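See below for query35.csv, which holds CSV, C-alpha atoms.
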chain,number,residue,atom,x,y,z
A,108,MET,CA,274.7,147.2,268.8
A,109,LYS,CA,278.3,146.0,268.4
A,110,ARG,CA,277.1,142.4,268.9
A,111,PHE,CA,274.6,142.8,266.0
A,112,VAL,CA,277.3,144.2,263.7
A,113,VAL,CA,279.6,141.2,264.5
A,114,ILE,CA,276.7,138.8,263.8
A,115,ALA,CA,275.8,140.6,260.6
A,116,ILE,CA,279.4,140.3,259.4
A,117,PHE,CA,279.8,136.6,260.3
A,118,LEU,CA,276.3,135.3,259.6
A,119,PRO,CA,276.9,134.9,255.8
A,120,PHE,CA,280.1,132.9,256.5
A,121,LEU,CA,278.2,130.8,259.1
A,122,LEU,CA,275.4,130.1,256.7
A,123,ALA,CA,277.8,129.2,253.9
A,124,ALA,CA,279.5,126.7,256.2
A,125,LEU,CA,276.2,125.1,257.1
A,126,VAL,CA,274.5,125.0,253.7
A,127,LEU,CA,275.8,122.3,251.4
A,128,THR,CA,277.1,123.2,248.0
A,129,GLU,CA,275.7,121.2,245.1
A,130,ASP,CA,278.9,119.3,244.8
A,131,GLU,CA,279.0,118.4,248.4
A,132,LEU,CA,275.3,117.4,248.2
A,133,GLN,CA,276.0,115.2,245.2
A,134,LEU,CA,278.9,113.5,247.0
A,135,ARG,CA,276.7,112.7,250.0
A,136,ILE,CA,273.9,111.4,247.7
A,137,LYS,CA,276.5,109.3,246.0
A,138,GLU,CA,277.8,107.9,249.2
A,139,VAL,CA,274.4,106.5,250.1
A,140,ALA,CA,273.1,105.7,246.6
A,141,LYS,CA,276.2,103.6,245.9
A,142,THR,CA,275.4,101.3,248.8
A,143,LEU,CA,271.7,100.8,247.9
A,144,ARG,CA,270.5,98.3,245.3
A,145,CYS,CA,268.1,99.5,242.6
A,146,ALA,CA,265.1,97.4,243.6
A,147,VAL,CA,264.0,96.7,240.0
A,148,CYS,CA,267.4,96.0,238.6
A,149,GLN,CA,269.7,93.1,239.1
A,150,SER,CA,272.9,94.0,241.0
A,151,GLU,CA,273.0,97.7,240.1
A,152,SER,CA,273.2,100.4,242.6
A,153,VAL,CA,270.7,103.3,242.9
A,154,TRP,CA,273.5,105.6,241.9
A,155,ASP,CA,274.4,103.7,238.7
A,156,SER,CA,270.9,102.9,237.6
A,157,ASN,CA,268.7,105.0,235.3
A,158,ALA,CA,265.5,103.2,236.2
A,159,GLU,CA,262.6,105.4,237.2
A,160,LEU,CA,262.6,103.9,240.7
A,161,ALA,CA,266.3,104.6,241.1
A,162,LEU,CA,265.8,108.2,240.1
A,163,GLN,CA,263.0,108.5,242.6
A,164,MET,CA,265.1,106.9,245.3
A,165,ARG,CA,267.9,109.3,244.6
A,166,GLU,CA,265.5,112.2,245.0
A,167,ILE,CA,264.4,110.8,248.4
A,168,ILE,CA,268.1,110.5,249.4
A,169,ARG,CA,268.6,114.1,248.4
A,170,GLU,CA,265.8,115.4,250.5
A,171,ARG,CA,266.9,113.4,253.5
A,172,VAL,CA,270.5,114.6,253.2
A,173,ILE,CA,269.2,118.2,253.0
A,174,GLN,CA,267.1,117.5,256.1
A,175,GLY,CA,270.3,116.5,257.9
A,176,GLU,CA,269.9,112.8,258.1
A,177,SER,CA,273.0,110.7,258.3
A,178,PRO,CA,273.9,108.0,255.6
A,179,ALA,CA,273.1,105.3,258.2
A,180,GLU,CA,269.7,106.8,258.9
A,181,ILE,CA,268.8,107.1,255.2
A,182,ARG,CA,269.9,103.5,254.6
A,183,ALA,CA,267.9,102.4,257.6
A,184,TYR,CA,264.8,104.0,256.1
A,185,PHE,CA,265.2,102.0,252.8
A,186,GLN,CA,266.0,98.9,254.7
A,187,SER,CA,262.8,99.3,256.8
A,188,ARG,CA,260.8,99.4,253.5
A,189,TYR,CA,262.6,96.8,251.4
A,190,GLY,CA,264.6,94.7,253.8
A,191,ASP,CA,268.2,93.6,253.7
A,192,PHE,CA,267.9,93.0,250.0
A,193,ILE,CA,268.1,96.8,249.3
A,194,LEU,CA,271.6,96.9,250.8
A,195,LEU,CA,274.3,96.1,248.2
A,196,GLN,CA,276.6,95.1,251.1
A,197,PRO,CA,274.9,92.6,253.3
A,198,GLN,CA,275.1,93.3,257.0
A,199,LYS,CA,277.5,91.2,258.9
A,200,ARG,CA,275.1,89.1,261.0
A,201,GLY,CA,273.2,85.8,261.0
A,202,MET,CA,273.1,83.9,257.8
A,203,ASN,CA,274.8,86.8,256.0
A,204,TRP,CA,278.1,85.5,257.4
A,205,LEU,CA,277.8,82.8,254.7
A,206,LEU,CA,277.9,85.5,252.0
A,207,TRP,CA,280.9,87.2,253.6
A,208,GLY,CA,282.8,84.0,254.5
A,209,GLY,CA,281.6,81.7,251.8
A,210,PRO,CA,283.9,82.8,249.0
A,211,PHE,CA,286.9,82.7,251.3
A,212,LEU,CA,285.8,79.3,252.6
A,213,LEU,CA,285.6,78.1,249.0
A,214,LEU,CA,289.0,79.5,248.2
A,215,PHE,CA,290.8,78.0,251.2
A,216,SER,CA,289.0,74.7,251.0
A,217,GLY,CA,289.9,74.4,247.3
A,218,GLY,CA,293.4,75.4,248.1
A,219,ALA,CA,293.6,72.8,250.8
A,220,ILE,CA,292.3,70.0,248.5
A,221,LEU,CA,294.7,71.1,245.8
A,222,PHE,CA,297.6,71.2,248.3
A,223,ARG,CA,296.7,67.7,249.6
A,224,TYR,CA,296.5,66.3,246.1
A,225,LEU,CA,299.8,67.8,245.0
A,226,LYS,CA,301.5,66.6,248.3
A,227,GLN,CA,300.2,63.1,247.7
A,228,ALA,CA,301.4,63.1,244.1
A,229,ALA,CA,304.8,64.4,245.2
A,230,ALA,CA,305.1,61.7,247.8
A,231,GLU,CA,304.5,58.8,245.4
A,232,PRO,CA,307.6,56.7,244.8
A,233,VAL,CA,309.5,58.0,241.8
A,234,LEU,CA,310.6,55.4,239.3
A,235,GLU,CA,314.2,54.7,239.1
A,236,GLN,CA,315.9,56.6,236.4
A,237,SER,CA,317.8,54.5,233.9
A,238,GLY,CA,319.5,57.4,232.3
A,239,ASP,CA,316.8,57.6,229.7
A,240,PRO,CA,315.0,60.9,229.2
A,241,ILE,CA,311.7,59.0,229.6
A,242,LEU,CA,311.0,57.1,232.7
A,243,LEU,CA,309.7,53.6,232.1
A,244,ASP,CA,308.7,50.8,234.4
A,245,PRO,CA,310.6,47.5,234.0
A,246,LYS,CA,307.6,45.7,232.3
A,247,SER,CA,307.3,48.4,229.6
A,248,ARG,CA,311.0,48.4,229.1
A,249,GLU,CA,311.0,44.7,228.6
A,250,ARG,CA,308.1,44.9,226.1
A,251,ILE,CA,310.0,47.6,224.1
A,252,ASP,CA,313.2,45.6,224.2
A,253,GLN,CA,311.3,42.6,222.8
A,254,ALA,CA,309.6,44.6,220.1
A,255,MET,CA,313.0,46.1,219.1
A,256,LYS,CA,314.6,42.7,219.0
A,257,SER,CA,311.8,41.3,216.8
A,258,TRP,CA,312.0,44.4,214.6
A,259,ASN,CA,315.8,44.0,214.1
A,260,GLY,CA,315.2,40.4,213.2
B,198,MET,CA,290.3,50.3,257.9
B,199,ASP,CA,287.7,52.3,259.7
B,200,ASN,CA,290.2,55.1,260.3
B,201,LYS,CA,291.2,55.1,256.7
B,202,GLY,CA,287.6,55.1,255.6
B,203,GLN,CA,287.0,58.1,257.8
B,204,ILE,CA,290.0,59.9,256.4
B,205,ARG,CA,289.0,59.2,252.8
B,206,ARG,CA,285.5,60.3,253.4
B,207,TRP,CA,286.2,63.8,254.6
B,208,PRO,CA,287.0,65.3,251.2
B,209,LEU,CA,283.7,63.9,250.0
B,210,PHE,CA,281.8,65.7,252.8
B,211,LEU,CA,283.9,68.8,252.2
B,212,MET,CA,283.2,68.8,248.5
B,213,SER,CA,279.4,68.3,249.1
B,214,GLY,CA,279.4,71.2,251.5
B,215,LEU,CA,281.3,73.4,249.1
B,216,LEU,CA,279.0,72.5,246.3
B,217,GLY,CA,276.0,73.3,248.5
B,218,LEU,CA,277.6,76.7,249.3
B,219,MET,CA,278.2,77.4,245.6
B,220,ILE,CA,274.6,76.6,244.7
B,221,LEU,CA,273.4,78.8,247.6
B,222,LEU,CA,275.6,81.8,246.4
B,223,TYR,CA,274.5,81.2,242.8
B,224,LEU,CA,270.8,81.2,243.7
B,225,GLY,CA,271.3,84.3,245.8
B,226,LEU,CA,272.8,86.1,242.8
B,227,TRP,CA,270.0,85.3,240.4
B,228,GLY,CA,267.0,84.8,242.8
B,229,ASP,CA,263.7,86.5,242.4
B,230,PRO,CA,263.5,89.5,244.8
B,231,SER,CA,259.8,89.2,245.0
B,232,ALA,CA,260.3,85.8,246.7
B,233,ILE,CA,261.9,87.6,249.7
B,234,PRO,CA,259.5,87.9,252.6
B,235,PRO,CA,258.4,91.5,253.0
B,236,VAL,CA,259.7,93.3,256.1
B,237,ILE,CA,256.9,95.7,256.3
B,238,ILE,CA,254.3,93.1,257.3
B,239,ASN,CA,252.8,93.9,260.7
B,240,THR,CA,254.3,97.4,260.7
B,241,PRO,CA,252.2,100.6,260.7
B,242,ALA,CA,251.2,101.6,257.2
B,243,MET,CA,252.9,104.8,256.1
B,244,GLU,CA,250.6,107.8,255.7
B,245,PHE,CA,250.0,108.9,252.1
B,246,SER,CA,247.8,111.3,250.3
B,247,GLY,CA,246.8,112.2,246.8
B,248,PHE,CA,244.0,113.4,244.5
B,249,GLU,CA,241.5,111.0,243.1
B,250,MET,CA,242.2,110.7,239.4
B,251,TYR,CA,238.7,111.6,238.2
B,252,THR,CA,237.1,113.7,240.9
B,253,GLY,CA,240.2,115.4,242.2
B,254,ARG,CA,239.0,114.6,245.8
B,255,SER,CA,241.8,114.6,248.3
B,256,ILE,CA,242.4,111.1,249.7
B,257,SER,CA,244.7,110.1,252.5
B,258,LEU,CA,245.2,107.0,254.6
B,259,SER,CA,244.3,108.8,257.8
B,260,GLN,CA,240.8,109.3,256.5
B,261,MET,CA,240.4,105.5,256.4
B,262,LYS,CA,241.1,104.9,260.1
B,263,GLY,CA,239.0,102.1,261.5
B,264,LYS,CA,238.5,100.5,258.1
B,265,VAL,CA,240.1,97.7,256.2
B,266,VAL,CA,242.1,99.1,253.2
B,267,PHE,CA,242.8,97.2,250.0
B,268,LEU,CA,245.7,99.1,248.3
B,269,ASN,CA,246.6,98.0,244.8
B,270,PHE,CA,249.6,99.3,242.8
B,271,TRP,CA,249.1,99.2,239.1
B,272,ALA,CA,250.0,100.9,235.8
B,273,SER,CA,248.6,101.0,232.3
B,274,TRP,CA,251.9,99.6,230.9
B,275,CYS,CA,251.8,96.6,233.2
B,276,ARG,CA,250.7,93.4,231.5
B,277,GLU,CA,250.1,91.4,234.7
B,278,CYS,CA,247.8,94.2,235.9
B,279,LYS,CA,245.5,93.5,233.0
B,280,LEU,CA,245.3,89.9,234.0
B,281,GLU,CA,244.0,90.8,237.5
B,282,HIS,CA,241.8,93.7,236.5
B,283,ASP,CA,238.6,91.7,236.2
B,284,SER,CA,239.2,90.1,239.6
B,285,LEU,CA,239.7,93.5,241.2
B,286,LEU,CA,236.4,94.7,239.7
B,287,ASP,CA,234.7,91.6,240.9
B,288,LEU,CA,236.1,92.0,244.4
B,289,LYS,CA,234.9,95.5,244.6
B,290,LYS,CA,231.5,94.5,243.5
B,291,ARG,CA,231.4,91.7,246.0
B,292,TYR,CA,232.1,94.1,248.9
B,293,ALA,CA,230.1,97.0,247.5
B,294,ASP,CA,227.8,96.9,250.6
B,295,ARG,CA,230.7,97.1,253.0
B,296,PRO,CA,231.6,100.8,253.8
B,297,ASP,CA,234.3,99.6,256.2
B,298,PHE,CA,236.2,98.0,253.3
B,299,ILE,CA,238.1,100.7,251.2
B,300,PHE,CA,239.4,99.9,247.8
B,301,LEU,CA,242.1,102.1,246.4
B,302,GLY,CA,244.2,101.9,243.3
B,303,VAL,CA,247.6,103.5,243.3
B,304,ASN,CA,248.7,104.3,239.7
B,305,TYR,CA,252.4,103.7,239.6
B,306,GLN,CA,255.0,105.4,237.3
B,307,ASP,CA,252.3,106.2,234.7
B,308,LYS,CA,250.9,109.1,232.7
B,309,GLU,CA,247.4,110.3,233.8
B,310,ASN,CA,246.0,110.2,230.2
B,311,LEU,CA,247.2,106.6,229.7
B,312,ALA,CA,246.0,105.5,233.1
B,313,LYS,CA,242.5,106.9,232.3
B,314,ALA,CA,242.4,105.4,228.9
B,315,TYR,CA,243.3,102.0,230.5
B,316,LEU,CA,240.5,102.3,233.0
B,317,GLU,CA,238.0,103.4,230.3
B,318,GLU,CA,239.0,100.3,228.3
B,319,HIS,CA,239.0,97.8,231.1
B,320,GLY,CA,236.3,99.2,233.4
B,321,ASN,CA,236.5,100.9,236.7
B,322,ASN,CA,234.4,100.8,239.9
B,323,TYR,CA,236.8,102.2,242.6
B,324,GLU,CA,239.0,105.2,243.3
B,325,HIS,CA,242.5,105.8,242.2
B,326,ILE,CA,245.3,108.1,243.1
B,327,GLN,CA,248.6,108.7,241.2
B,328,ASP,CA,251.9,108.1,242.8
B,329,LEU,CA,253.7,110.8,240.8
B,330,HIS,CA,257.1,110.8,242.5
B,331,GLY,CA,257.2,107.2,243.7
B,332,ARG,CA,256.8,108.3,247.3
B,333,ILE,CA,254.0,105.9,248.1
B,334,SER,CA,255.5,102.9,246.3
B,335,ILE,CA,258.9,103.4,248.0
B,336,ASP,CA,257.2,103.9,251.4
B,337,TYR,CA,255.4,100.5,250.8
B,338,GLY,CA,258.6,98.8,249.5
B,339,VAL,CA,257.1,98.1,246.1
B,340,TYR,CA,259.4,96.2,243.8
B,341,GLY,CA,257.3,95.7,240.8
B,342,ILE,CA,253.6,95.8,240.0
B,343,PRO,CA,251.0,94.6,240.5
B,344,GLU,CA,251.4,94.6,244.2
B,345,THR,CA,248.5,94.6,246.7
B,346,PHE,CA,248.5,95.5,250.4
B,347,LEU,CA,245.9,94.8,253.0
B,348,ILE,CA,245.8,97.3,255.9
B,349,ASP,CA,243.8,96.4,259.0
B,350,ARG,CA,241.5,98.7,261.0
B,351,HIS,CA,244.4,99.7,263.2
B,352,GLY,CA,246.5,100.9,260.3
B,353,MET,CA,248.8,97.9,260.3
B,354,ILE,CA,250.0,96.3,257.0
B,355,ARG,CA,248.8,92.7,257.4
B,356,HIS,CA,249.4,91.3,254.0
B,357,LYS,CA,251.3,92.0,250.8
B,358,HIS,CA,250.6,90.1,247.6
B,359,ILE,CA,253.1,90.3,244.7
B,360,GLY,CA,251.7,89.5,241.3
B,361,PRO,CA,248.3,89.3,239.8
B,362,ILE,CA,245.3,88.3,241.9
B,363,VAL,CA,243.7,85.6,239.7
B,364,GLY,CA,242.1,82.1,240.2
B,365,GLU,CA,243.2,80.4,243.4
B,366,THR,CA,245.0,83.5,244.6
B,367,TYR,CA,241.7,85.5,244.4
B,368,ALA,CA,239.8,82.8,246.4
B,369,ASN,CA,242.7,82.5,248.9
B,370,LEU,CA,242.9,86.3,249.4
B,371,ILE,CA,239.2,86.5,250.3
B,372,GLU,CA,239.2,83.4,252.6
B,373,THR,CA,242.6,83.9,254.3
B,374,TRP,CA,242.8,87.7,254.5
B,375,ILE,CA,239.8,89.8,253.6
B,376,GLU,CA,237.1,88.0,255.5
B,377,PRO,CA,239.1,87.5,258.7
B,378,LEU,CA,240.3,91.2,258.6
B,379,LEU,CA,236.7,92.4,258.1
B,380,LYS,CA,235.6,90.3,261.1
B,381,GLU,CA,238.2,91.9,263.3
B,382,SER,CA,236.8,94.6,265.5
B,383,GLU,CA,238.3,98.0,265.8

What would you get if you wrote out this structure as structure tokens?
Amino acid sequence: MKRFVVIAIFLPFLLAALVLTEDELQLRIKEVAKTLRCAVCQSESVWDSNAELALQMREIIRERVIQGESPAEIRAYFQSRYGDFILLQPQKRGMNWLLWGGPFLLLFSGGAILFRYLKQAAAEPVLEQSGDPILLDPKSRERIDQAMKSWNG
Amino acid sequence: MDNKGQIRRWPLFLMSGLLGLMILLYLGLWGDPSAIPPVIINTPAMEFSGFEMYTGRSISLSQMKGKVVFLNFWASWCRECKLEHDSLLDLKKRYADRPDFIFLGVNYQDKENLAKAYLEEHGNNYEHIQDLHGRISIDYGVYGIPETFLIDRHGMIRHKHIGPIVGETYANLIETWIEPLLKESE
């Protein structure tokens, strides 16, 4: 009898702990929906899209969260239907590494080319400074001198 | 000279590689999702059920075991569905004497009255169910309509066609898929 009383007292607390509140449920739905692509929109997540299909996908996520499925399991379901395309963040495997590494490769390679170019430019021999604010090679200096002379008569 | 040539050539190779990578990433961003090979081919077709739009008869995939199923997703608002509608009617007529070939339309994100009006206007000779909550279309990985699936006698999805079935596609579908699937034994 004592045991039943204890259970009766603690049962509501236990249930409250097990049942998700609407806010918690929304958070869990968001966690999954943010990582899935709306299949009929370009580059918009299921969470952000208002397309009919996105709403229906959110409803499925909701049901699966309530059934106790983990985010990974829910994502796996959509992936099994639509393929990798449905994941906003491509999985790190196979050709997908190009997507992950490509932008960094572009950045570093661009940087290396720029660095090499600047290094070469800096290594080129600097013309001797003649005290003038503008650097001129001897041939140009000669032509200017001749022009000045002819100008002065 | 050779060494110098090699040294000078590497930025060219690098630039070509980078350009290729940029093109690949760009194409990936704006590519057509329907061009992605479907992952559900050769996987078991998901069970579905619904009520026939006119008769109210309960229809489910499990009732069609041992038969070849032609599953077409369509809607009254879909322009490309109108393009293929005559082909679908022809196809059904062509296989009218084959009770082992089931034709089923799945009305996608539509209103029943509009769907019925569409069928009355364009003709109808097979059964349709409504996918009211998108469950069937999501289970079948439908991106956009029209999309058509061919399910074999063992309940495996063997073919998915995205887009209207017209002209060459129609002939190709019969020759490459429907006839061989109908010849397969249970």

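Candidate residues A:Gly218, A:Pro197, A:Pro178, A:Gly209 were compared for distance to chain B, and the nearest is A:Gly209, using all atoms listed in the file.
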
Q. Atom CA of Glu381 of chain B and atom CA of Cys278 of chain B, how far apart in Å?
A. 29.1 Å

(Q) Just want the 8 Å neighbourhood of Val303 of chain B, counted on all atoms listed in the file, with same-chain residues fewer than 6 positions away dropped. Output as number ranges by chain. (A) B: 268-271, 325-328

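In this structure, the chain B residues at most 7 Å away from chain A are Leu215, Leu218, Pro235, Val236, Ile237, His330, Gly331, Asp336, Tyr337, Gly338, Tyr340 and Gly341 of chain B, with only C-alpha atoms considered.
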
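If you look at atom CA of Phe245 of chain B and atom CA of Leu280 of chain B, they are 26.7 Å away from each other.
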